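Read the structure below first, then the notes.
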Amino acid sequence: MSDKATIEIKGKTYEFPIIEGTENEVAIDIKNLRSSTEGVITLDPGYKNTGSCESAITFLDGEKGILRYRGYSIEELAEKANFLEVAFLLIFGELPTKEQLEKFHADIKAQSVVDEDVRKIVDAFPKSAHPMGVIASLTSALTAFNPSSVNVNSEEDMYKAIVKILGKFPVLVAWTFRKKNGLPLDYGDKNLGYVENILKMMFKQPNEDYLFNPIVINALDKLLILHADHEQNCSTSTVRIAGSSHVGLFASLSTGISALWGPLHGGANQAVLEMLEAIKEDGGDTEKYMAKAKDKEDPFRLMGFGHRVYKNFDPRAKIIKKAADEILNDLGVEDPILNIAKALEQEALKDPYFVDRKLYPNVDFYSGIIYRAMGIPTDMFTVMFALGRLPGWIAQWREMRLNNEPIGRPRQIYVGETLRSFKTIDKR
């Protein structure tokens, strides 16, 4: 392969370097395009063909159904690692030793106490507030209690900021959940594991002990791992571009949470359950809705099947399907919504229309089922997604700052009016 790409514009030829990644991804380096061509830029709505950075964190091949964190397959990590190990791997580049992991967890727990004034902010929200709006606001509010910016040239400062947000964010998630459900706010238990503590903070009733279910713990641990990073998606790119202005970590993360909220991104698992609710209200006839999904003239969309990145299968869905089956069997939940979900899954996995088009159930489909079975309300699903994605956002922010990447500043092609003369109001 030539190490140069040639572009001809209005009779003039320009050469640009070819960059090849470690997984043989190829890119044309056009950072000097505008300056060398006297103003020519590229136009790529949605940046579907534009690489915004070089990153060593996550490799994704949608055609082959591959997802790896720092070179480790998502399948192996989900089977053998826990969420904190994966968080450490994503952020710092290597799996932790036993001593490193113990210190990491201890440091996170030491930073898990949230200022009492934050509790007052939680109390100020009405119960009707959407949990994603609450968690975005609370994350942003942390900057008021931690006003000094992170010195990215200091490993100690960077580390302190990382363990601080990893310690406080689960508390904010649990408080958001408990506020919605009218429960007293819980500060957690330092004697518990990271995932166990999250579950206790969320679900412990004030008048009884919380009983841990290992199947529920395992399912949540796996879900958080599967959501931990996903390359340069909408929310991750938002975190990086916000952070490129040198705004602090907490403020950058709050922008990612807001981007994740959308139904085309993190809100997809919420959209799955809303679809299932609509099918139930219409009588629960899954065959009818499968037929509607196949009818090109019908506006109905089958949510949670297929993926805009994975053109073959979503590797995360294969992993979490097993956990979904286990949790439904163990909890013995009798729920018509979950029965509809299982019926749709079975029909899609055997219907040639869906099989031929590789429209398999994706991670949003199964995560919605698991959260529903665990007793997490639909509007909290995306908050749980954010909890899992937190270490990925941190890793991406850290990488961007350590690489001293320039401030994000996309260009545009102007298609408005050319120069016009101003008319006074009496002549308009």
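Numbering starts fresh at 1 for the residues of each chain in the structure tokens, the chains themselves are lettered A, B, ... in the order given, and ligands are numbered from 1 as they appear.
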In segment 367-425 of chain A, what's alpha helix (DSSP H) per DSSP? Answer as a VMD selection string? chain A and resid 367 to 374 381 to 402
Using only C-alpha atoms, find each residue of segment 382-417 of chain A with at least one atom at most 7 Å away from an atom of segment 214-236 of chain A; report its shortest atom-to-atom pair and that distance in Å (one decimal), sort the rows by chain and rising residue number, and return the result as JSON lines.
```
{"residue": "A:Phe385", "atom": "CA", "partner": "A:His227", "partner_atom": "CA", "distance": 6.4}
{"residue": "A:Gly388", "atom": "CA", "partner": "A:Leu224", "partner_atom": "CA", "distance": 4.1}
{"residue": "A:Arg389", "atom": "CA", "partner": "A:Ala228", "partner_atom": "CA", "distance": 4.1}
{"residue": "A:Leu390", "atom": "CA", "partner": "A:Ala228", "partner_atom": "CA", "distance": 6.7}
{"residue": "A:Pro391", "atom": "CA", "partner": "A:Ala228", "partner_atom": "CA", "distance": 6.1}
{"residue": "A:Gly392", "atom": "CA", "partner": "A:Asp229", "partner_atom": "CA", "distance": 4.5}
{"residue": "A:Trp393", "atom": "CA", "partner": "A:Thr236", "partner_atom": "CA", "distance": 5.8}
```
Need to verify the contact set: Leu77 of chain A, 12 Å, only C-alpha atoms, exclusion of same-chain residues closer than 3 positions in sequence. Can you return it as a PyMOL selection string? chain A and resi 67-74+80-87+89-90+95+221-226+228+316+319
Tell me which of A:Ala110, A:Ala141, A:Ala293, A:Ile121 sits closest to Leu166 of chain A, counting only C-alpha atoms. A:Ala110
Point out the residue among A:Leu185, A:Lys190, A:Pro96, A:Leu273 with the least atom-to-atom distance to Tyr371 of chain A, counting only C-alpha atoms.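 So, comparing all the options, the nearest one is A:Leu273.
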When distances are computed from only C-alpha atoms, which of A:Gly248, A:Pro131, A:Pro184, A:Gly93 shows the smallest separation from Ala144 of chain A? A:Gly248
What lies within 12 Å of segment 256-262 of chain A using only C-alpha atoms, ignoring chain neighbours under 2 positions off, as a PyMOL selection string? chain A and resi 130-140+169+173+227+232-243+249-254+264-271+379-394+396-397
Counting only C-alpha atoms, figure out which residue out of A:Leu349, A:Gly39, A:Lys311, A:Ile340 gets nearest to Gly283 of chain A. A:Ile340
Counting only C-alpha atoms, the residue of A:Glu79, A:Lys350, A:Leu33, A:Gly416 that sits nearest Glu15 of chain A: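 Selected residue with least distance to Glu15 of chain A: A:Leu33.
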Calculate how many Å separate atom CA of Met202 of chain A from atom CA of Val171 of chain A, rounding to one decimal.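 Between atom CA of Met202 of chain A and atom CA of Val171 of chain A the gap is 8.7 Å.
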